[in-house]
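Report on the following structure.
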Amino acid sequence: MSYQTIKYEVADKILTITLNRPDELNAFTVEMAEELIEAFGRASEDDEVRAIVVTGEGRGFCAGMKLNSDGNAFGLNEQLAPELSDMANLEEAPAGVRDSGGTVTLAIYNCTKPVIAAINGPAIGIGATMTCAMDIRLASNKAKFGFVFTKLGITPEACSSWFLPRIVGMSQALEWVYSAEIFDAEEARAGRLLKSLHESEDLLPAAYKIARRIADNTSPVAVALARQMMYRCSAMPHPADAHRVDSLAIFYQSLEDGKEGIQAFWDKRPAEFKSKVSQDMPEFYPWQEDS
Amino acid sequence: MSYQTIKYEVADKILTITLNRPDELNAFTVEMAEELIEAFGRASEDDEVRAIVVTGEGRGFCAGMKLNSDGNAFGLNEQLAPELSDMANLEEAPAGVRDSGGTVTLAIYNCTKPVIAAINGPAIGIGATMTCAMDIRLASNKAKFGFVFTKLGITPEACSSWFLPRIVGMSQALEWVYSAEIFDAEEARAGRLLKSLHESEDLLPAAYKIARRIADNTSPVAVALARQMMYRCSAMPHPADAHRVDSLAIFYQSLEDGKEGIQAFWDKRPAEFKSKVSQDMPEFYPWQEDS
Amino acid sequence: MSYQTIKYEVADKILTITLNRPDELNAFTVEMAEELIEAFGRASEDDEVRAIVVTGEGRGFCAGMKLNSDGNAFGLNEQLAPELSDMANLEEAPAGVRDSGGTVTLAIYNCTKPVIAAINGPAIGIGATMTCAMDIRLASNKAKFGFVFTKLGITPEACSSWFLPRIVGMSQALEWVYSAEIFDAEEARAGRLLKSLHESEDLLPAAYKIARRIADNTSPVAVALARQMMYRCSAMPHPADAHRVDSLAIFYQSLEDGKEGIQAFWDKRPAEFKSKVSQDMPEFYPWQEDS
């Protein structure tokens with residue numbers, strides 16, 4: 001697979017996905033959406049990938065959707081009049097209706113590997129909302145953010161109404177969405193969108209340090225399950241729903257990587273986990289329909 | 001419509017709702033509840049209103065429910081023995097049972113305009129919980145807060161169990177509800193109930209500044225949709241539920257205000273959005289039953 | 001009831017549950033799980049208990065699950081191959097499958113009394129996740145924390161995927177779960193897992209101060225309802241779901257402890273609430289099935 005709008009580079013168990021349209025500050029296109037979906041799906045199945053770092057080539061992270069100057073600016077099919085019932089089964093939704101940002105963030109949601117955003121420059125519109133589906137966000141002091149939708153006459157997208165309040169709380173989420181203004185990295189950090197700020201040259205090393213810890217020390221299948229459990233079970237109406245999944249996760253892990261993990265703990269040596277996400281996810285996964 | 005317990009004043013696209021029973025620190029009455037419900041409903045449909053600021057007349061914001069000295073203190077019908085099944089359809093719930101605070105916060109929830117609380121003084125009981133359904137809370141240094149219910153032998157109300165943990169997290173919410181004590185504005189800010197603290201004379205200007213930015217720069221229908229999306233979609237079990245709504249929101253906005261917004265962006269001029277919430281909300285709105 | 005692994009001590013309306021296997025830093029055993037479930041259930045019904053403080057004997061809070069060296073490390077029945085459908089009715093789930101940590105946190109979830117963790121030393125694995133189901137967490141400067149599961153080849157448990165993001169937000173939750181490392185009390189406080197840090201000798205007094213305020217000033221039934229409302233209603237899809245419960249809670253409390261609370265308020269004297277959780281919980285409680 002060769003990509004036109006992103007780079008996909010695996011080194012020492014860490015995948016770096018680089019948004020790669022630097023002449024346009026990595027503005028998001030339908031092609032980029034398709035490539036990102038392919039890349040997150042491929043990474044999910046690639047046992048050489050233990051963690052993912054997402055960054056942008058050049059000065060920008062992602063300057064937002066590249067708008068068409070002909071026809072519908074977002075490439076949507078203006079002949080249609082879709083209703084909510086048309087979206088019930090997303091696989092069968094009419095072409096030219098689905099929000100392309102959301103197709104990417106749902107692919108990230110379903111990914112079995114931790115996703116760390118290393119936001120090197122402006123992250124605007126889909127450039128900002130895309131990162132909300134990533135697990136941990138680090139940024140350079142040069143990063144800027146903007147949930148600029150309502151200034152453009154449109155609404156937030158990419159499932160950001162689901163992801164953003166989980167990260168920063170409801171009031172901060174609404175404040176940024178209402179203002180639609182560009183804000184700097186320090187405001188993003190103070191508002192808890194970011195874990196930490198870095199000098200430009202220190203950003204990727206900081207992201208790789210987090211990824212390295214995961215890649216070197218943890219069970220691949222356990223991490224894949226944990227990621228899905230945190231997002232999915234936290235949205236259930238009752239903790240017993242989490243308990244059902246917890247119980248099976250612990251049960252099956254105790255038969256596999258758990259044995260090595262515990263033996264290594266007793267032996268005071270690093271564990272050598274053998275599980276592969278590509279083939280060893282337990283039968284009960286995924287425990288939830290995905291659309 | 002003239003109001004007895006509130007003031008409803010629109011100036012330059014911003015509605016100020018002032019709780020207006022200053023002789024009793026704006027204590028909440030059934031009449032005030034009815035007027036607030038009417039006011040938020042009216043503001044939802046009034047295209048001259050782009051954002052709402054809520055404040056209190058005089059020294060207080062709202063000192064809590066005015067308790068009846070005759071009969072049931074809350075005006076409830078003590079002859080009844082309601083069950084949860086009686087509440088299934090709220091429109092048909094028996095008179096004298098529904099929590100009046102909740103009828104107001106549900107009206108705020110359904111409002112199509114951003115709501116900014118400018119808390120000028122004590123906000124106690126329903127005075128505090130009412131603000132939890134507002135989007136952004138600013139306060140004067142003289143504000144005080146108290147979720148005082150359990151000290152009065154009653155429970156939190158006004159849907160605060162739904163709103164408060166979304167703003168401040170579960171532990172802080174429980175802590176304030178358990179202590180039932182009055183706390184000062186600085187504690188409220190540190191606990192993330194408030195965006196910011198202000199000198200008394202700077203409070204309304206700060207609230208208007210936020211409202212002004214919305215009124216001057218954003219699409220009315222896009223903001224209305226965004227507000228409802230943030231509250232409703234974040235409470236859904238799966239981000240795909242947000243994606244369904246996002247897709248239709250972007251689709252229909254791209255046909256209307258989105259065209260102007262993008263043209264203005266290209267032209268490097270302010271957009272002039274023409275949409276009216278009173279008549280231009282897309283067909284799929286609201287996408288969720290409301291009771 | 002005498003306990004082997006915990007202490008259950010009631011003094012002046014406050015129950016202290018002390019994890020009491022100090023020779024093993026209070027490592028968690030199946031027996032401890034059973035005793036904790038019994039203790040939280042007993043406390044729910046014991047009208048002499050108005051609030052609960054949980055701490056550890058000796059240097060530790062809880063150093064994690066005591067792992068079996070024979071057979072399955074977690075005591076699970078390796079002969080089984082459970083499916084999610086086997087867990088639908090938890091009461092009928094096969095023996096040797098349910099996560100024992102989750103059985104404890106579900107007991108805490110169902111408890112009618114506020115639960116304050118006084119974390120005196122290392123809280124690792126189940127020692128950390130157990131505290132996520134408690135309402136307020138205080139810690140000594142000597143406390144340490146670790147969501148160490150993925151390093152051991154297993155996943156987070158004890159319904160922590162449901163509880164932890166509600167306390168610290170999704171990104172911080174994922175960060176600790178991915179790193180699986182031990183971190184100190186200051187990091188836990190900065191990440192909002194803890195309300196406050198204390199010198200060792202000041203920890204229990206600080207926890208008792210919070211408990212005392214509840215025990216001396218508030219209605220037992222109102223607090224029990226409030227606790228359940230905050231956890232349960234916040235996880236519902238719509239604030240109207242909270243309103244249904246709020247309305248009945250206020251209604252029935254206004255007939256009982258509410259009368260005394262309001263009279264005491266008018267009389268400017270402390271209220272003397274007579275309600276007993278053991279017998280006065282209103283009919284509509286619990287309003288939700290529990291498994």
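FYI, nothing fancy with the structure tokens labels: chains A, B, ... in order, residues from 1 per chain, ligands from 1 as they appear.
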With a cut-off of 7 Å, could you pull out the residues of chain C touching chain B and give me the nearest pair of atoms for each, distance in Å to one decimal, using only C-alpha atoms, ordered by chain and ascending number, as CSV?
```
residue,atom,partner,partner_atom,distance
C:Asp135,CA,B:Ser171,CA,5.6
C:Ile136,CA,B:Ser171,CA,5.6
C:Arg166,CA,B:Met170,CA,5.8
C:Ile167,CA,B:Gly169,CA,5.3
C:Arg213,CA,B:Ser179,CA,6.3
C:Ile214,CA,B:Ser179,CA,6.0
C:Asn217,CA,B:Lys151,CA,5.8
C:Thr218,CA,B:Lys151,CA,4.4
C:Ser219,CA,B:Gly153,CA,4.9
C:Ala222,CA,B:Thr155,CA,5.3
C:Val223,CA,B:Thr150,CA,6.1
C:Leu225,CA,B:Thr155,CA,7.0
C:Ala226,CA,B:Thr155,CA,5.7
C:Met229,CA,B:Ser161,CA,6.1
C:Met230,CA,B:Ser161,CA,4.6
C:Cys233,CA,B:Trp162,CA,5.7
C:Ser234,CA,B:Trp162,CA,4.1
C:Pro237,CA,B:Ala235,CA,5.0
C:Pro239,CA,B:Trp162,CA,5.7
C:Ala240,CA,B:Ser291,CA,5.9
C:Ala242,CA,B:Cys159,CA,5.1
C:His243,CA,B:Cys159,CA,5.2
C:Arg244,CA,B:Met87,CA,5.8
C:Asp246,CA,B:Glu157,CA,5.2
C:Ser247,CA,B:Asp99,CA,4.6
C:Ala249,CA,B:Thr155,CA,6.5
C:Ile250,CA,B:Ile154,CA,5.9
C:Phe251,CA,B:Val97,CA,6.4
C:Gln253,CA,B:Ile154,CA,5.3
C:Ser254,CA,B:Ile154,CA,6.6
C:Asp257,CA,B:Gly153,CA,4.6
C:Gly258,CA,B:Gly153,CA,4.2
C:Gly261,CA,B:Leu152,CA,4.0
C:Ile262,CA,B:Leu152,CA,5.8
C:Phe284,CA,B:Glu83,CA,6.4
```
Next item on the list: Identify, on the basis of only C-alpha atoms, every residue whose closest approach to A:Tyr208 does not exceed 12 Å; exclude the query and any residue fewer than 4 positions from it along the same chain; express the result as a ChimeraX atom specification.
Entry: /A:11-16,50-55,114-118,136,138,202-204,212-216
Grab the residues selected above and save them as a compact mmCIF listing (two decimals), in the first residue's frame with N, CA and C atoms.
```
# COMPACT_ATOMS: atom_id res chain seq x y z
N ALA A 11 8.83 1.89 13.02
CA ALA A 11 10.21 1.71 13.47
C ALA A 11 10.18 1.23 14.91
N ASP A 12 10.76 0.07 15.10
CA ASP A 12 10.92 -0.42 16.47
C ASP A 12 9.59 -0.43 17.23
N LYS A 13 8.57 -0.98 16.56
CA LYS A 13 7.24 -1.22 17.17
C LYS A 13 6.34 0.01 17.25
N ILE A 14 6.86 1.15 16.80
CA ILE A 14 6.04 2.36 16.85
C ILE A 14 5.74 2.82 15.43
N LEU A 15 4.48 2.99 15.14
CA LEU A 15 4.04 3.53 13.86
C LEU A 15 3.92 5.05 13.98
N THR A 16 4.55 5.74 13.04
CA THR A 16 4.29 7.17 12.92
C THR A 16 3.44 7.40 11.67
N ARG A 50 2.89 -1.43 17.98
CA ARG A 50 2.40 -1.48 19.35
C ARG A 50 1.76 -0.16 19.79
N ALA A 51 2.13 0.93 19.13
CA ALA A 51 1.56 2.24 19.47
C ALA A 51 1.71 3.13 18.26
N ILE A 52 0.87 4.15 18.19
CA ILE A 52 0.82 5.01 17.01
C ILE A 52 1.03 6.46 17.45
N VAL A 53 1.91 7.14 16.74
CA VAL A 53 2.08 8.59 16.92
C VAL A 53 1.62 9.26 15.64
N VAL A 54 0.77 10.26 15.79
CA VAL A 54 0.25 10.99 14.62
C VAL A 54 0.78 12.41 14.66
N THR A 55 1.39 12.83 13.58
CA THR A 55 1.92 14.19 13.52
C THR A 55 1.74 14.75 12.11
N PRO A 114 -2.82 2.07 21.00
CA PRO A 114 -2.87 3.43 21.55
C PRO A 114 -2.45 4.47 20.51
N VAL A 115 -3.11 5.61 20.54
CA VAL A 115 -2.88 6.66 19.55
C VAL A 115 -2.50 7.95 20.28
N ILE A 116 -1.32 8.43 19.97
CA ILE A 116 -0.79 9.63 20.61
C ILE A 116 -0.65 10.71 19.54
N ALA A 117 -1.28 11.85 19.79
CA ALA A 117 -1.16 12.96 18.84
C ALA A 117 0.02 13.83 19.23
N ALA A 118 0.88 14.09 18.27
CA ALA A 118 2.00 15.03 18.46
C ALA A 118 1.70 16.21 17.54
N ILE A 136 -4.09 10.50 23.75
CA ILE A 136 -3.28 11.47 24.49
C ILE A 136 -2.78 12.48 23.47
N LEU A 138 -0.21 15.68 22.81
CA LEU A 138 0.92 16.54 23.15
C LEU A 138 1.01 17.59 22.05
N ASP A 202 11.36 18.98 20.80
CA ASP A 202 11.15 17.99 21.86
C ASP A 202 9.82 17.26 21.73
N LEU A 203 8.99 17.66 20.78
CA LEU A 203 7.63 17.12 20.72
C LEU A 203 7.61 15.64 20.36
N LEU A 204 8.21 15.28 19.25
CA LEU A 204 8.18 13.87 18.86
C LEU A 204 8.91 13.00 19.88
N ARG A 212 7.01 4.28 23.56
CA ARG A 212 8.08 3.30 23.86
C ARG A 212 7.75 2.49 25.12
N ARG A 213 7.27 3.20 26.13
CA ARG A 213 6.90 2.55 27.39
C ARG A 213 5.83 1.48 27.15
N ILE A 214 4.87 1.81 26.31
CA ILE A 214 3.81 0.85 25.98
C ILE A 214 4.41 -0.32 25.21
N ALA A 215 5.21 0.01 24.20
CA ALA A 215 5.74 -1.03 23.30
C ALA A 215 6.66 -2.00 24.04
N ASP A 216 7.41 -1.48 24.99
CA ASP A 216 8.40 -2.33 25.65
C ASP A 216 7.87 -3.13 26.81
```
Note to self: So that I can check the secondary structure, give me every residue of stretch 38-163 of chain A assigned strand (DSSP E or B) by backbone DSSP, as number ranges by chain.
What the structure shows: A: 51-56, 62, 65, 115-119, 123-124, 136-140, 144-146
Next, write the just-selected residues to a file, as a tab-separated table (two decimals), in the first residue's frame, keeping N, CA, C and O atoms as the atom set.
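The new file part.tsv reads:
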```
chain	number	residue	atom	x	y	z
A	51	ALA	N	2.13	0.93	19.13
A	51	ALA	CA	1.56	2.24	19.47
A	51	ALA	C	1.71	3.13	18.26
A	51	ALA	O	2.57	2.87	17.40
A	52	ILE	N	0.87	4.15	18.19
A	52	ILE	CA	0.82	5.01	17.01
A	52	ILE	C	1.03	6.46	17.45
A	52	ILE	O	0.41	6.92	18.41
A	53	VAL	N	1.91	7.14	16.74
A	53	VAL	CA	2.08	8.59	16.92
A	53	VAL	C	1.62	9.26	15.64
A	53	VAL	O	2.00	8.86	14.55
A	54	VAL	N	0.77	10.26	15.79
A	54	VAL	CA	0.25	10.99	14.62
A	54	VAL	C	0.78	12.41	14.66
A	54	VAL	O	0.65	13.10	15.69
A	55	THR	N	1.39	12.83	13.58
A	55	THR	CA	1.92	14.19	13.52
A	55	THR	C	1.74	14.75	12.11
A	55	THR	O	1.15	14.08	11.26
A	56	GLY	N	2.20	15.97	11.90
A	56	GLY	CA	2.05	16.59	10.59
A	56	GLY	C	3.40	16.96	9.99
A	56	GLY	O	4.33	17.33	10.71
A	62	CYS	N	-2.78	20.03	10.84
A	62	CYS	CA	-3.81	19.88	9.81
A	62	CYS	C	-4.67	21.14	9.84
A	62	CYS	O	-5.34	21.41	10.84
A	65	MET	N	-10.37	21.03	6.69
A	65	MET	CA	-10.84	20.42	5.45
A	65	MET	C	-10.44	21.28	4.25
A	65	MET	O	-10.64	22.49	4.27
A	115	VAL	N	-3.11	5.61	20.54
A	115	VAL	CA	-2.88	6.66	19.55
A	115	VAL	C	-2.50	7.95	20.28
A	115	VAL	O	-3.27	8.46	21.10
A	116	ILE	N	-1.32	8.43	19.97
A	116	ILE	CA	-0.79	9.63	20.61
A	116	ILE	C	-0.65	10.71	19.54
A	116	ILE	O	0.01	10.51	18.53
A	117	ALA	N	-1.28	11.85	19.79
A	117	ALA	CA	-1.16	12.96	18.84
A	117	ALA	C	0.02	13.83	19.23
A	117	ALA	O	0.14	14.24	20.39
A	118	ALA	N	0.88	14.09	18.27
A	118	ALA	CA	2.00	15.03	18.46
A	118	ALA	C	1.70	16.21	17.54
A	118	ALA	O	2.04	16.21	16.36
A	119	ILE	N	1.08	17.20	18.13
A	119	ILE	CA	0.49	18.29	17.34
A	119	ILE	C	1.53	19.39	17.16
A	119	ILE	O	1.80	20.17	18.07
A	123	ALA	N	-3.91	23.11	14.24
A	123	ALA	CA	-4.87	22.01	14.16
A	123	ALA	C	-6.25	22.65	14.18
A	123	ALA	O	-6.77	23.00	15.23
A	124	ILE	N	-6.81	22.80	13.01
A	124	ILE	CA	-8.01	23.62	12.85
A	124	ILE	C	-9.13	22.78	12.26
A	124	ILE	O	-8.88	21.95	11.38
A	136	ILE	N	-4.09	10.50	23.75
A	136	ILE	CA	-3.28	11.47	24.49
A	136	ILE	C	-2.78	12.48	23.47
A	136	ILE	O	-2.34	12.11	22.40
A	137	ARG	N	-2.90	13.76	23.83
A	137	ARG	CA	-2.48	14.82	22.92
A	137	ARG	C	-1.32	15.61	23.53
A	137	ARG	O	-1.45	16.16	24.63
A	138	LEU	N	-0.21	15.68	22.81
A	138	LEU	CA	0.92	16.54	23.15
A	138	LEU	C	1.01	17.59	22.05
A	138	LEU	O	0.63	17.32	20.92
A	139	ALA	N	1.54	18.75	22.39
A	139	ALA	CA	1.65	19.77	21.33
A	139	ALA	C	2.91	20.58	21.49
A	139	ALA	O	3.48	20.70	22.58
A	140	SER	N	3.32	21.11	20.38
A	140	SER	CA	4.40	22.09	20.34
A	140	SER	C	3.85	23.45	20.77
A	140	SER	O	2.65	23.72	20.63
A	144	LYS	N	-1.67	25.62	17.26
A	144	LYS	CA	-2.86	26.44	17.48
A	144	LYS	C	-4.06	25.54	17.24
A	144	LYS	O	-3.96	24.54	16.54
A	145	PHE	N	-5.17	25.93	17.81
A	145	PHE	CA	-6.37	25.10	17.74
A	145	PHE	C	-7.57	25.95	17.37
A	145	PHE	O	-7.63	27.13	17.73
A	146	GLY	N	-8.51	25.34	16.73
A	146	GLY	CA	-9.75	26.07	16.45
A	146	GLY	C	-10.87	25.14	16.07
A	146	GLY	O	-10.76	24.37	15.12
```
Next item on the list: Provide the atom CA of C:Pro94 to atom CA of C:Ile126 distance in Å, to one decimal place.
Entry: 21.8 Å
Item checked: Per-residue DSSP, stretch 36-203 of chain C, filtered to helix (DSSP H, G or I), as JSON, numbers by chain -> {"C": [36, 37, 38, 39, 40, 41, 42, 43, 44, 45, 84, 85, 86, 87, 90, 91, 92, 100, 101, 102, 103, 104, 105, 106, 107, 108, 109, 126, 127, 128, 129, 130, 131, 132, 149, 150, 151, 152, 160, 161, 162, 163, 164, 165, 166, 167, 168, 170, 171, 172, 173, 174, 175, 176, 177, 178, 179, 185, 186, 187, 188, 189, 190, 200, 201, 202, 203]}
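Near C:Glu45, within 7 Å and counting only C-alpha atoms, sit Gly41, Val277 and Ser278 of chain C; same-chain residues fewer than 4 positions away were not included.
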Create the file for the chosen residues now, containing all heavy atoms and written as a CSV table (one decimal), in the first residue's frame.
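Everything below was put into part.csv:
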```
chain,number,residue,atom,x,y,z
C,41,GLY,N,-22.5,-4.0,52.4
C,41,GLY,CA,-23.9,-4.3,52.5
C,41,GLY,C,-24.4,-4.1,53.9
C,41,GLY,O,-25.5,-3.5,54.1
C,277,VAL,N,-32.2,4.8,56.9
C,277,VAL,CA,-32.0,4.1,55.6
C,277,VAL,C,-32.5,2.7,55.7
C,277,VAL,O,-33.0,2.2,54.7
C,277,VAL,CB,-30.5,4.2,55.2
C,277,VAL,CG1,-30.2,3.3,54.0
C,277,VAL,CG2,-30.1,5.6,54.9
C,278,SER,N,-32.4,2.0,56.8
C,278,SER,CA,-32.8,0.6,57.0
C,278,SER,C,-34.3,0.4,56.7
C,278,SER,O,-34.7,-0.7,56.3
C,278,SER,CB,-32.5,0.1,58.4
C,278,SER,OG,-33.2,0.8,59.3
```
Next item on the list: Go through A:Gly191, A:Pro270, A:Pro220, A:Pro122 and flag the residue nearest A:Leu25, using only C-alpha atoms for the distances.
Entry: A:Pro122
Note to self: Between atom CA of A:Glu31 and atom CA of A:Cys132, what distance in Å does the model show, to one decimal?
What the structure shows: 20.6 Å
Item checked: Which of A:Gly64, A:Val104, A:Gly125, A:Glu34 sits closest to A:Tyr3 [using only C-alpha atoms] -> A:Glu34
Next item on the list: Could you tell me how far atom CA of B:Ser196 lies from atom CA of B:Asp184, in Å and to one decimal?
Entry: 13.0 Å
Next item on the list: With a distance cut-off of 12 Å and only C-alpha atoms, select the neighbouring residues of B:Met1, excluding the residue or stretch itself and same-chain residues fewer than 4 positions from it, and output the selection as a list in words.
Entry: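 Here the answer would be Ile6, Lys7, Tyr8, Glu9, Glu35, Glu38, Ala39 and Arg42 of chain B.
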